[in-house]
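J.: To be precise about what I am sending: the file is called input_34.cif and holds mmCIF, C-alpha atoms; chains and numbers go by the auth columns.
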```cif
data_data
loop_
_atom_site.group_PDB
_atom_site.id
_atom_site.type_symbol
_atom_site.label_atom_id
_atom_site.label_comp_id
_atom_site.label_asym_id
_atom_site.label_seq_id
_atom_site.Cartn_x
_atom_site.Cartn_y
_atom_site.Cartn_z
_atom_site.B_iso_or_equiv
_atom_site.auth_seq_id
_atom_site.auth_asym_id
ATOM 1 C CA MET A 1 0.000 0.000 0.000 0.00 1 A
ATOM 2 C CA ASN A 2 1.677 3.202 -1.168 0.00 2 A
ATOM 3 C CA ASN A 3 -0.670 6.150 -1.137 0.00 3 A
ATOM 4 C CA ARG A 4 2.001 8.793 -0.678 0.00 4 A
ATOM 5 C CA THR A 5 4.938 9.965 -2.731 0.00 5 A
ATOM 6 C CA ILE A 6 7.568 12.593 -1.993 0.00 6 A
ATOM 7 C CA LYS A 7 9.872 14.646 -4.198 0.00 7 A
ATOM 8 C CA TRP A 8 13.490 14.517 -3.103 0.00 8 A
ATOM 9 C CA SER A 9 16.919 14.832 -4.734 0.00 9 A
ATOM 10 C CA GLY A 10 15.381 15.235 -8.173 0.00 10 A
ATOM 11 C CA TYR A 11 13.309 12.030 -8.012 0.00 11 A
ATOM 12 C CA THR A 12 9.851 10.897 -6.978 0.00 12 A
ATOM 13 C CA TRP A 13 9.840 8.339 -4.165 0.00 13 A
ATOM 14 C CA ASN A 14 7.140 6.001 -2.911 0.00 14 A
ATOM 15 C CA VAL A 15 6.637 6.025 0.850 0.00 15 A
ATOM 16 C CA LYS A 16 6.042 2.529 2.220 0.00 16 A
ATOM 17 C CA ASP A 17 2.876 2.111 4.290 0.00 17 A
ATOM 18 C CA SER A 18 1.883 -1.310 5.590 0.00 18 A
ATOM 19 C CA SER A 19 -1.327 0.016 7.197 0.00 19 A
ATOM 20 C CA THR A 20 -2.388 -2.387 9.971 0.00 20 A
ATOM 21 C CA ASN A 21 -0.143 -5.191 8.687 0.00 21 A
ATOM 22 C CA LYS A 22 3.452 -6.111 9.417 0.00 22 A
ATOM 23 C CA TRP A 23 5.711 -6.282 6.374 0.00 23 A
ATOM 24 C CA GLY A 24 9.309 -7.191 5.795 0.00 24 A
ATOM 25 C CA PRO A 25 11.962 -6.425 6.627 0.00 25 A
ATOM 26 C CA GLY A 26 11.467 -7.220 10.267 0.00 26 A
ATOM 27 C CA PRO A 27 8.554 -7.794 9.959 0.00 27 A
ATOM 28 C CA ASN A 28 7.469 -4.315 11.027 0.00 28 A
ATOM 29 C CA PHE A 29 4.743 -1.756 10.765 0.00 29 A
ATOM 30 C CA PHE A 30 5.778 0.809 8.133 0.00 30 A
ATOM 31 C CA SER A 31 4.121 4.193 8.287 0.00 31 A
ATOM 32 C CA GLY A 32 3.588 6.576 5.402 0.00 32 A
ATOM 33 C CA SER A 33 2.921 9.367 7.881 0.00 33 A
ATOM 34 C CA SER A 34 4.803 12.659 7.724 0.00 34 A
ATOM 35 C CA GLU A 35 5.844 11.851 11.308 0.00 35 A
ATOM 36 C CA ASN A 36 7.984 9.024 9.891 0.00 36 A
ATOM 37 C CA VAL A 37 9.027 10.319 6.463 0.00 37 A
ATOM 38 C CA TRP A 38 9.392 13.951 5.433 0.00 38 A
ATOM 39 C CA VAL A 39 11.534 16.373 3.461 0.00 39 A
ATOM 40 C CA ASP A 40 12.496 19.531 5.349 0.00 40 A
ATOM 41 C CA ASN A 41 12.776 23.066 3.987 0.00 41 A
ATOM 42 C CA ARG A 42 16.463 22.461 3.249 0.00 42 A
ATOM 43 C CA GLY A 43 15.590 19.528 0.976 0.00 43 A
ATOM 44 C CA ARG A 44 16.844 16.845 3.356 0.00 44 A
ATOM 45 C CA LEU A 45 15.075 13.500 3.791 0.00 45 A
ATOM 46 C CA HIS A 46 14.158 12.469 7.335 0.00 46 A
ATOM 47 C CA LEU A 47 13.417 8.861 8.262 0.00 47 A
ATOM 48 C CA LYS A 48 12.166 8.240 11.776 0.00 48 A
ATOM 49 C CA ILE A 49 11.157 5.237 13.852 0.00 49 A
ATOM 50 C CA THR A 50 8.317 6.309 16.135 0.00 50 A
ATOM 51 C CA LYS A 51 6.143 4.799 18.849 0.00 51 A
ATOM 52 C CA ARG A 52 2.421 5.531 18.650 0.00 52 A
ATOM 53 C CA ASN A 53 -0.351 3.800 20.592 0.00 53 A
ATOM 54 C CA ASN A 54 2.155 1.266 21.915 0.00 54 A
ATOM 55 C CA LYS A 55 3.268 0.275 18.394 0.00 55 A
ATOM 56 C CA TRP A 56 6.609 0.954 16.760 0.00 56 A
ATOM 57 C CA TYR A 57 6.479 2.320 13.204 0.00 57 A
ATOM 58 C CA CYS A 58 9.390 2.164 10.758 0.00 58 A
ATOM 59 C CA ALA A 59 10.182 4.236 7.667 0.00 59 A
ATOM 60 C CA GLU A 60 11.060 3.393 4.063 0.00 60 A
ATOM 61 C CA VAL A 61 11.148 5.125 0.690 0.00 61 A
ATOM 62 C CA TYR A 62 11.977 3.734 -2.737 0.00 62 A
ATOM 63 C CA ASN A 63 12.467 5.400 -6.076 0.00 63 A
ATOM 64 C CA THR A 64 9.760 5.239 -8.717 0.00 64 A
ATOM 65 C CA LYS A 65 12.439 4.895 -11.419 0.00 65 A
ATOM 66 C CA THR A 66 14.861 2.101 -12.231 0.00 66 A
ATOM 67 C CA LEU A 67 18.313 3.655 -12.551 0.00 67 A
ATOM 68 C CA GLY A 68 20.459 0.683 -13.580 0.00 68 A
ATOM 69 C CA TYR A 69 24.245 0.460 -13.613 0.00 69 A
ATOM 70 C CA GLY A 70 26.089 3.389 -12.120 0.00 70 A
ATOM 71 C CA THR A 71 27.146 5.067 -8.891 0.00 71 A
ATOM 72 C CA TYR A 72 24.613 5.263 -6.074 0.00 72 A
ATOM 73 C CA ARG A 73 25.733 7.827 -3.498 0.00 73 A
ATOM 74 C CA PHE A 74 24.057 8.642 -0.190 0.00 74 A
ATOM 75 C CA PHE A 75 24.962 11.676 1.924 0.00 75 A
ATOM 76 C CA VAL A 76 24.095 10.834 5.532 0.00 76 A
ATOM 77 C CA ASP A 77 23.621 13.449 8.253 0.00 77 A
ATOM 78 C CA GLY A 78 23.476 11.633 11.575 0.00 78 A
ATOM 79 C CA ARG A 79 25.217 8.878 13.467 0.00 79 A
ATOM 80 C CA PRO A 80 24.374 5.501 11.942 0.00 80 A
ATOM 81 C CA ASP A 81 27.356 4.150 13.904 0.00 81 A
ATOM 82 C CA LEU A 82 25.463 4.888 17.133 0.00 82 A
ATOM 83 C CA LEU A 83 22.105 3.364 16.229 0.00 83 A
ATOM 84 C CA ASP A 84 20.414 1.122 18.775 0.00 84 A
ATOM 85 C CA PRO A 85 21.452 -2.555 18.357 0.00 85 A
ATOM 86 C CA ASN A 86 17.953 -3.433 17.109 0.00 86 A
ATOM 87 C CA ILE A 87 17.820 -0.675 14.454 0.00 87 A
ATOM 88 C CA THR A 88 18.995 -1.030 10.853 0.00 88 A
ATOM 89 C CA LEU A 89 19.626 1.696 8.290 0.00 89 A
ATOM 90 C CA GLY A 90 19.586 0.270 4.770 0.00 90 A
ATOM 91 C CA LEU A 91 20.831 1.949 1.576 0.00 91 A
ATOM 92 C CA PHE A 92 20.240 -0.505 -1.261 0.00 92 A
ATOM 93 C CA THR A 93 18.718 -1.642 -4.535 0.00 93 A
ATOM 94 C CA TYR A 94 15.765 -4.033 -4.630 0.00 94 A
ATOM 95 C CA ASP A 95 13.646 -5.633 -7.354 0.00 95 A
ATOM 96 C CA GLY A 96 10.312 -6.777 -6.004 0.00 96 A
ATOM 97 C CA THR A 97 8.397 -6.923 -9.297 0.00 97 A
ATOM 98 C CA SER A 98 10.299 -8.834 -11.988 0.00 98 A
ATOM 99 C CA ALA A 99 9.241 -12.405 -12.692 0.00 99 A
ATOM 100 C CA ASP A 100 12.854 -13.504 -12.192 0.00 100 A
ATOM 101 C CA ALA A 101 13.491 -11.304 -9.133 0.00 101 A
ATOM 102 C CA ALA A 102 13.690 -14.165 -6.616 0.00 102 A
ATOM 103 C CA ALA A 103 15.981 -16.184 -8.886 0.00 103 A
ATOM 104 C CA ASN A 104 18.296 -13.148 -9.001 0.00 104 A
ATOM 105 C CA HIS A 105 18.188 -12.502 -5.237 0.00 105 A
ATOM 106 C CA TYR A 106 15.931 -9.492 -5.849 0.00 106 A
ATOM 107 C CA ARG A 107 18.876 -7.672 -7.477 0.00 107 A
ATOM 108 C CA GLU A 108 19.767 -6.533 -3.990 0.00 108 A
ATOM 109 C CA ILE A 109 22.980 -4.632 -3.277 0.00 109 A
ATOM 110 C CA ASP A 110 23.225 -3.349 0.310 0.00 110 A
ATOM 111 C CA ILE A 111 25.010 -0.846 2.474 0.00 111 A
ATOM 112 C CA GLU A 112 23.690 -1.510 5.970 0.00 112 A
ATOM 113 C CA PHE A 113 24.322 -0.072 9.404 0.00 113 A
ATOM 114 C CA ALA A 114 23.160 -2.608 11.963 0.00 114 A
ATOM 115 C CA LYS A 115 24.277 -4.694 14.910 0.00 115 A
ATOM 116 C CA TRP A 116 21.500 -7.271 14.424 0.00 116 A
ATOM 117 C CA GLY A 117 20.643 -7.239 18.118 0.00 117 A
ATOM 118 C CA TYR A 118 24.224 -7.664 19.351 0.00 118 A
ATOM 119 C CA PRO A 119 25.446 -4.518 21.190 0.00 119 A
ATOM 120 C CA LYS A 120 29.107 -5.463 20.764 0.00 120 A
ATOM 121 C CA GLY A 121 28.900 -6.617 17.156 0.00 121 A
ATOM 122 C CA PRO A 122 30.281 -4.795 14.090 0.00 122 A
ATOM 123 C CA ASN A 123 27.936 -1.993 13.057 0.00 123 A
ATOM 124 C CA SER A 124 28.322 -1.896 9.259 0.00 124 A
ATOM 125 C CA GLN A 125 28.315 -4.185 6.240 0.00 125 A
ATOM 126 C CA TYR A 126 28.444 -4.260 2.468 0.00 126 A
ATOM 127 C CA VAL A 127 26.434 -7.071 0.870 0.00 127 A
ATOM 128 C CA VAL A 128 25.775 -8.523 -2.548 0.00 128 A
ATOM 129 C CA GLN A 129 22.937 -10.982 -2.054 0.00 129 A
ATOM 130 C CA PRO A 130 22.774 -13.783 -1.113 0.00 130 A
ATOM 131 C CA TYR A 131 24.614 -12.772 2.051 0.00 131 A
ATOM 132 C CA THR A 132 24.885 -16.423 3.107 0.00 132 A
ATOM 133 C CA LYS A 133 27.327 -17.158 0.286 0.00 133 A
ATOM 134 C CA ALA A 134 31.006 -16.937 1.247 0.00 134 A
ATOM 135 C CA GLY A 135 32.610 -13.776 -0.093 0.00 135 A
ATOM 136 C CA ASN A 136 29.350 -11.890 -0.674 0.00 136 A
ATOM 137 C CA MET A 137 29.477 -9.814 2.504 0.00 137 A
ATOM 138 C CA ILE A 138 32.046 -7.854 4.459 0.00 138 A
ATOM 139 C CA GLN A 139 31.348 -6.574 7.966 0.00 139 A
ATOM 140 C CA PHE A 140 33.271 -3.719 9.549 0.00 140 A
ATOM 141 C CA GLN A 141 33.177 -1.075 12.255 0.00 141 A
ATOM 142 C CA THR A 142 32.241 2.514 11.476 0.00 142 A
ATOM 143 C CA SER A 143 33.318 5.146 14.016 0.00 143 A
ATOM 144 C CA LEU A 144 32.343 8.599 12.826 0.00 144 A
ATOM 145 C CA SER A 145 34.067 11.767 13.965 0.00 145 A
ATOM 146 C CA GLY A 146 31.106 13.979 13.025 0.00 146 A
ATOM 147 C CA ASN A 147 27.574 13.835 11.664 0.00 147 A
ATOM 148 C CA TYR A 148 28.484 13.813 7.960 0.00 148 A
ATOM 149 C CA SER A 149 29.371 10.675 6.020 0.00 149 A
ATOM 150 C CA THR A 150 29.073 9.578 2.384 0.00 150 A
ATOM 151 C CA HIS A 151 28.346 5.996 1.328 0.00 151 A
ATOM 152 C CA SER A 152 28.290 4.734 -2.245 0.00 152 A
ATOM 153 C CA PHE A 153 28.554 1.787 -4.580 0.00 153 A
ATOM 154 C CA LEU A 154 29.499 1.744 -8.248 0.00 154 A
ATOM 155 C CA TRP A 155 27.592 -1.101 -9.879 0.00 155 A
ATOM 156 C CA THR A 156 28.806 -2.342 -13.253 0.00 156 A
ATOM 157 C CA PRO A 157 28.313 -5.649 -15.093 0.00 157 A
ATOM 158 C CA SER A 158 31.718 -6.864 -13.849 0.00 158 A
ATOM 159 C CA SER A 159 32.128 -5.394 -10.336 0.00 159 A
ATOM 160 C CA ILE A 160 30.531 -3.528 -7.454 0.00 160 A
ATOM 161 C CA LYS A 161 32.797 -1.026 -5.713 0.00 161 A
ATOM 162 C CA PHE A 162 31.685 0.111 -2.270 0.00 162 A
ATOM 163 C CA LEU A 163 33.095 3.167 -0.509 0.00 163 A
ATOM 164 C CA SER A 164 32.372 4.991 2.756 0.00 164 A
ATOM 165 C CA LEU A 165 33.905 8.349 3.622 0.00 165 A
ATOM 166 C CA HIS A 166 33.970 10.789 6.508 0.00 166 A
ATOM 167 C CA GLY A 167 32.316 14.022 5.321 0.00 167 A
ATOM 168 C CA HIS A 168 30.170 14.775 2.279 0.00 168 A
ATOM 169 C CA TYR A 169 31.968 14.334 -1.047 0.00 169 A
ATOM 170 C CA SER A 170 30.777 13.797 -4.607 0.00 170 A
ATOM 171 C CA LYS A 171 34.392 13.662 -5.792 0.00 171 A
ATOM 172 C CA LEU A 172 37.127 11.781 -3.987 0.00 172 A
ATOM 173 C CA PRO A 173 38.881 13.954 -1.403 0.00 173 A
ATOM 174 C CA SER A 174 42.664 13.860 -1.214 0.00 174 A
ATOM 175 C CA PRO A 175 44.504 12.206 0.328 0.00 175 A
ATOM 176 C CA ILE A 176 41.799 9.518 0.394 0.00 176 A
ATOM 177 C CA GLU A 177 43.419 7.819 3.410 0.00 177 A
ATOM 178 C CA TRP A 178 42.363 10.733 5.616 0.00 178 A
ATOM 179 C CA TYR A 179 38.700 10.336 4.765 0.00 179 A
ATOM 180 C CA ARG A 180 38.122 6.676 3.961 0.00 180 A
ATOM 181 C CA ILE A 181 36.103 4.592 6.408 0.00 181 A
ATOM 182 C CA LYS A 182 35.961 1.458 4.265 0.00 182 A
ATOM 183 C CA GLU A 183 36.387 0.373 0.660 0.00 183 A
ATOM 184 C CA TRP A 184 35.575 -2.992 -0.905 0.00 184 A
ATOM 185 C CA THR A 185 35.302 -4.275 -4.459 0.00 185 A
ATOM 186 C CA TYR A 186 33.155 -7.313 -5.219 0.00 186 A
ATOM 187 C CA ARG A 187 33.864 -9.338 -8.346 0.00 187 A
ATOM 188 C CA GLY A 188 32.041 -12.557 -7.455 0.00 188 A
ATOM 189 C CA GLY A 189 29.443 -14.494 -9.362 0.00 189 A
ATOM 190 C CA ASP A 190 26.346 -12.812 -7.953 0.00 190 A
ATOM 191 C CA ILE A 191 26.577 -9.367 -9.542 0.00 191 A
ATOM 192 C CA PRO A 192 22.974 -8.808 -10.594 0.00 192 A
ATOM 193 C CA ASN A 193 21.893 -7.582 -13.993 0.00 193 A
ATOM 194 C CA THR A 194 19.589 -4.576 -14.135 0.00 194 A
ATOM 195 C CA LYS A 195 15.867 -4.993 -14.718 0.00 195 A
ATOM 196 C CA ASN A 196 13.213 -3.486 -12.413 0.00 196 A
ATOM 197 C CA GLU A 197 15.248 -2.763 -9.297 0.00 197 A
ATOM 198 C CA LYS A 198 14.730 0.514 -7.434 0.00 198 A
ATOM 199 C CA VAL A 199 17.012 2.339 -5.038 0.00 199 A
ATOM 200 C CA ASP A 200 15.602 2.047 -1.538 0.00 200 A
ATOM 201 C CA ILE A 201 16.315 3.634 1.861 0.00 201 A
ATOM 202 C CA ASN A 202 14.867 2.281 5.086 0.00 202 A
ATOM 203 C CA LEU A 203 15.135 2.544 8.858 0.00 203 A
ATOM 204 C CA TRP A 204 13.702 -0.516 10.565 0.00 204 A
ATOM 205 C CA LEU A 205 13.720 -2.827 13.571 0.00 205 A
ATOM 206 C CA PHE A 206 15.556 -6.153 13.431 0.00 206 A
ATOM 207 C CA GLY A 207 13.071 -8.974 13.979 0.00 207 A
ATOM 208 C CA GLY A 208 10.405 -6.346 14.603 0.00 208 A
ATOM 209 C CA ARG A 209 11.838 -5.937 18.117 0.00 209 A
ATOM 210 C CA ALA A 210 11.585 -2.645 19.966 0.00 210 A
ATOM 211 C CA PRO A 211 14.814 -0.662 20.371 0.00 211 A
ATOM 212 C CA LEU A 212 16.777 -1.867 23.374 0.00 212 A
ATOM 213 C CA ASN A 213 16.862 1.704 24.656 0.00 213 A
ATOM 214 C CA GLN A 214 13.093 2.114 24.029 0.00 214 A
ATOM 215 C CA LYS A 215 13.799 5.388 22.226 0.00 215 A
ATOM 216 C CA GLU A 216 12.608 6.698 18.867 0.00 216 A
ATOM 217 C CA ALA A 217 15.353 7.159 16.262 0.00 217 A
ATOM 218 C CA GLU A 218 15.912 9.427 13.291 0.00 218 A
ATOM 219 C CA ILE A 219 18.387 9.579 10.415 0.00 219 A
ATOM 220 C CA VAL A 220 18.693 12.385 7.878 0.00 220 A
ATOM 221 C CA ILE A 221 19.837 11.805 4.296 0.00 221 A
ATOM 222 C CA THR A 222 20.969 15.165 2.946 0.00 222 A
ATOM 223 C CA LYS A 223 20.797 14.006 -0.662 0.00 223 A
ATOM 224 C CA PHE A 224 21.047 11.069 -3.042 0.00 224 A
ATOM 225 C CA GLU A 225 23.123 11.126 -6.224 0.00 225 A
ATOM 226 C CA PHE A 226 23.133 8.754 -9.187 0.00 226 A
ATOM 227 C CA ILE A 227 25.749 8.859 -11.916 0.00 227 A
ATOM 228 C CA PRO A 228 25.047 6.471 -14.824 0.00 228 A
ATOM 229 C CA PHE A 229 27.747 3.968 -15.755 0.00 229 A
ATOM 230 C CA ALA A 230 29.379 4.912 -19.044 0.00 230 A
ATOM 231 C CA THR A 231 29.843 1.696 -20.989 0.00 231 A
#
```
Show the structure stored in the file as structure tokens.
T.:
Amino acid sequence: MNNRTIKWSGYTWNVKDSSTNKWGPGPNFFSGSSENVWVDNRGRLHLKITKRNNKWYCAEVYNTKTLGYGTYRFFVDGRPDLLDPNITLGLFTYDGTSADAAANHYREIDIEFAKWGYPKGPNSQYVVQPYTKAGNMIQFQTSLSGNYSTHSFLWTPSSIKFLSLHGHYSKLPSPIEWYRIKEWTYRGGDIPNTKNEKVDINLWLFGGRAPLNQKEAEIVITKFEFIPFAT
């Protein structure tokens, strides 16, 4: 059920709303309310997990357009490294409509900030689905020095190059070693082709469990950039 769309970063985005049902991931209640998803007067996207009437509501938006091969870049304003152990921030592609989506692992490429319920676990990962296959996922620790970070992946037919940086940068800062949080290039056998996948951003509760700290949570995405892959 998607009754609401928003305009943000030059695109139209569907706002996920599960109404009275629980949907994946989680499963969780996803709210299309402006209390959970909104764009402020500076053009920044806010995603918020809220508690209303004793229920926790999560937030998700996904693009109405398929963008295909290229660089997907997310400018985060907030501290995804300090999220509650039960909260996940996902920056990813997902194909939920193609007839062959399941056979192609939903064309899912993920940057995720999550501890999966373990307070002392690593808080970040890059994934090319299926994550259960050896070599398709790398977990690491993000420790931010400020509120600004940039996270991207360059998806081509032959590789997926992930990169996380301190600060907000469309072009690589120099020297890169001063800014780089993590970099990883995947060249395995599960690079998806492009079909009907959409870029997706969500903030949700692992297993549908309430935050351990029982607090609402919010992340701001200043902007999203896509640069098509030049073949």
J.: Hey, what's within 6 Å of region 218-230 of chain A if we count only C-alpha atoms and toss same-chain stuff fewer than 3 positions away? As a VMD selection string, please?
T.: chain A and resid 9 44 to 48 69 to 78
J.: Taking all atoms listed in the file into account, name the residue in A:Ser170, A:Asn63, A:Thr88, A:Thr142 that is nearest to Glu197 (chain A).
T.: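 Ranked by minimum distance to Glu197 (chain A), first place goes to A:Asn63.
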J.: Name the residues captured by the PyMOL selection byres ((chain A and resi 205) around 12) when it is applied to the shown file; answer as a PyMOL selection string.
T.: chain A and resi 22-30+48-51+55-60+83-90+113-117+202-204+206-212+214-217
J.: Looking at A:Asp17, A:Asp110, A:Glu177, A:Asp190, which one is nearest to Ser152 (chain A), with distances taken over all atoms listed in the file?
T.: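 Closest candidate: A:Asp110.
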J.: Show me, as a short mmCIF file (atom, residue, chain, number, x, y, z; two decimals) with C-alpha atoms, keeping the file's coordinate frame, the residues that have an atom within 9 Å of Ile109 (chain A) when counting all atoms listed in the file, minus same-chain residues fewer than 2 positions from it.
T.:
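Written file, selection-v3.cif:
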```
data_model
loop_
_atom_site.label_atom_id
_atom_site.label_comp_id
_atom_site.auth_asym_id
_atom_site.auth_seq_id
_atom_site.Cartn_x
_atom_site.Cartn_y
_atom_site.Cartn_z
CA LEU A 91 20.83 1.95 1.58
CA PHE A 92 20.24 -0.50 -1.26
CA THR A 93 18.72 -1.64 -4.54
CA TYR A 94 15.76 -4.03 -4.63
CA TYR A 106 15.93 -9.49 -5.85
CA ARG A 107 18.88 -7.67 -7.48
CA ILE A 111 25.01 -0.85 2.47
CA TYR A 126 28.44 -4.26 2.47
CA VAL A 127 26.43 -7.07 0.87
CA VAL A 128 25.78 -8.52 -2.55
CA GLN A 129 22.94 -10.98 -2.05
CA PHE A 153 28.55 1.79 -4.58
CA TRP A 155 27.59 -1.10 -9.88
CA ILE A 160 30.53 -3.53 -7.45
CA ILE A 191 26.58 -9.37 -9.54
CA PRO A 192 22.97 -8.81 -10.59
#
```
J.: Take CA of Thr64 (chain A) and CA of Lys198 (chain A) and report the distance between them in Å, one decimal.
T.: 7.0 Å
J.: Go through A:Asn196, A:Lys16, A:Ile201, A:Asn147 one by one, measure the shortest atom-to-atom distance of each to Ala99 (chain A) using all atoms listed in the file, and give the residue with the smallest value.
T.: A:Asn196
J.: What is the CA of Pro119 (chain A)-CA of Asn136 (chain A) distance in Å, reported with one decimal?
T.: 23.4 Å
J.: Grab the CA of Phe140 (chain A) to CA of Lys182 (chain A) distance for me, in Å with one decimal place.
T.: 7.9 Å
J.: Please write the residues picked by the PyMOL selection byres ((chain A and resi 163) around 8) on this file as a list in words.
T.: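 Evaluating the PyMOL selection byres ((chain A and resi 163) around 8) on these coordinates yields His151, Ser152, Phe153, Lys161, Phe162, Ser164, Leu165, Arg180, Ile181, Lys182, Glu183 and Trp184 of chain A.
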J.: Report as a list in words all protein, DNA and RNA residues lying within 6 Å of Gln125 (chain A), evaluated on all atoms listed in the file, omitting residues in the same chain fewer than 5 positions from it.
T.: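 What passes the distance filter is Glu112, Ile138, Gln139 and Phe140 of chain A.
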J.: Which residues are near Gln141 (chain A)? Cut-off 7 Å, only C-alpha atoms, ignore same chain within fewer than 4 positions. Put them as a PDB file with C-alpha atoms, keeping the file's coordinate frame.
T.:
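Result file is out06.pdb:
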```
ATOM      1  CA  PRO A 122      30.281  -4.795  14.090  1.00  0.00           C
ATOM      2  CA  ASN A 123      27.936  -1.993  13.057  1.00  0.00           C
ATOM      3  CA  SER A 124      28.322  -1.896   9.259  1.00  0.00           C
TER       4      SER A 124
END
```
J.: Since the input is missing atoms, can you rebuild N, CA, C and O atoms for region 10-24 of chain A and write them as a PDB file, in the coordinates of the input?
T.:
```pdb
ATOM      1  N   GLY A  10      15.654  15.295  -6.748  1.00  0.00           N
ATOM      2  CA  GLY A  10      15.381  15.235  -8.173  1.00  0.00           C
ATOM      3  C   GLY A  10      14.583  14.031  -8.627  1.00  0.00           C
ATOM      4  O   GLY A  10      14.404  13.833  -9.838  1.00  0.00           O
ATOM      5  N   TYR A  11      14.080  13.228  -7.672  1.00  0.00           N
ATOM      6  CA  TYR A  11      13.309  12.030  -8.012  1.00  0.00           C
ATOM      7  C   TYR A  11      11.997  12.010  -7.238  1.00  0.00           C
ATOM      8  O   TYR A  11      11.833  12.707  -6.234  1.00  0.00           O
ATOM      9  N   THR A  12      11.082  11.185  -7.716  1.00  0.00           N
ATOM     10  CA  THR A  12       9.851  10.897  -6.978  1.00  0.00           C
ATOM     11  C   THR A  12      10.024   9.560  -6.271  1.00  0.00           C
ATOM     12  O   THR A  12      10.470   8.584  -6.887  1.00  0.00           O
ATOM     13  N   TRP A  13       9.655   9.526  -4.999  1.00  0.00           N
ATOM     14  CA  TRP A  13       9.840   8.339  -4.165  1.00  0.00           C
ATOM     15  C   TRP A  13       8.508   7.892  -3.586  1.00  0.00           C
ATOM     16  O   TRP A  13       7.718   8.711  -3.115  1.00  0.00           O
ATOM     17  N   ASN A  14       8.281   6.579  -3.617  1.00  0.00           N
ATOM     18  CA  ASN A  14       7.140   6.001  -2.911  1.00  0.00           C
ATOM     19  C   ASN A  14       7.471   5.896  -1.428  1.00  0.00           C
ATOM     20  O   ASN A  14       8.600   5.549  -1.058  1.00  0.00           O
ATOM     21  N   VAL A  15       6.490   6.177  -0.590  1.00  0.00           N
ATOM     22  CA  VAL A  15       6.637   6.025   0.850  1.00  0.00           C
ATOM     23  C   VAL A  15       5.902   4.752   1.265  1.00  0.00           C
ATOM     24  O   VAL A  15       4.701   4.615   1.030  1.00  0.00           O
ATOM     25  N   LYS A  16       6.623   3.828   1.861  1.00  0.00           N
ATOM     26  CA  LYS A  16       6.042   2.529   2.220  1.00  0.00           C
ATOM     27  C   LYS A  16       5.074   2.679   3.385  1.00  0.00           C
ATOM     28  O   LYS A  16       5.397   3.347   4.377  1.00  0.00           O
ATOM     29  N   ASP A  17       3.898   2.067   3.245  1.00  0.00           N
ATOM     30  CA  ASP A  17       2.876   2.111   4.290  1.00  0.00           C
ATOM     31  C   ASP A  17       2.210   0.740   4.355  1.00  0.00           C
ATOM     32  O   ASP A  17       1.523   0.334   3.424  1.00  0.00           O
ATOM     33  N   SER A  18       2.433   0.050   5.458  1.00  0.00           N
ATOM     34  CA  SER A  18       1.883  -1.310   5.590  1.00  0.00           C
ATOM     35  C   SER A  18       0.514  -1.317   6.264  1.00  0.00           C
ATOM     36  O   SER A  18      -0.030  -2.392   6.532  1.00  0.00           O
ATOM     37  N   SER A  19      -0.014  -0.124   6.557  1.00  0.00           N
ATOM     38  CA  SER A  19      -1.327   0.016   7.197  1.00  0.00           C
ATOM     39  C   SER A  19      -1.343  -0.760   8.520  1.00  0.00           C
ATOM     40  O   SER A  19      -0.478  -0.555   9.357  1.00  0.00           O
ATOM     41  N   THR A  20      -2.287  -1.648   8.702  1.00  0.00           N
ATOM     42  CA  THR A  20      -2.388  -2.387   9.971  1.00  0.00           C
ATOM     43  C   THR A  20      -1.612  -3.697   9.931  1.00  0.00           C
ATOM     44  O   THR A  20      -1.693  -4.492  10.870  1.00  0.00           O
ATOM     45  N   ASN A  21      -0.872  -3.935   8.841  1.00  0.00           N
ATOM     46  CA  ASN A  21      -0.143  -5.191   8.687  1.00  0.00           C
ATOM     47  C   ASN A  21       1.335  -5.011   9.006  1.00  0.00           C
ATOM     48  O   ASN A  21       1.858  -3.899   8.969  1.00  0.00           O
ATOM     49  N   LYS A  22       2.003  -6.108   9.280  1.00  0.00           N
ATOM     50  CA  LYS A  22       3.452  -6.111   9.417  1.00  0.00           C
ATOM     51  C   LYS A  22       4.060  -6.629   8.124  1.00  0.00           C
ATOM     52  O   LYS A  22       3.649  -7.678   7.613  1.00  0.00           O
ATOM     53  N   TRP A  23       5.020  -5.902   7.602  1.00  0.00           N
ATOM     54  CA  TRP A  23       5.711  -6.282   6.374  1.00  0.00           C
ATOM     55  C   TRP A  23       7.198  -6.429   6.647  1.00  0.00           C
ATOM     56  O   TRP A  23       7.723  -5.886   7.616  1.00  0.00           O
ATOM     57  N   GLY A  24       7.869  -7.130   5.732  1.00  0.00           N
ATOM     58  CA  GLY A  24       9.309  -7.191   5.795  1.00  0.00           C
ATOM     59  C   GLY A  24       9.917  -5.893   5.312  1.00  0.00           C
ATOM     60  O   GLY A  24       9.271  -5.147   4.565  1.00  0.00           O
TER      61      GLY A  24
END
```
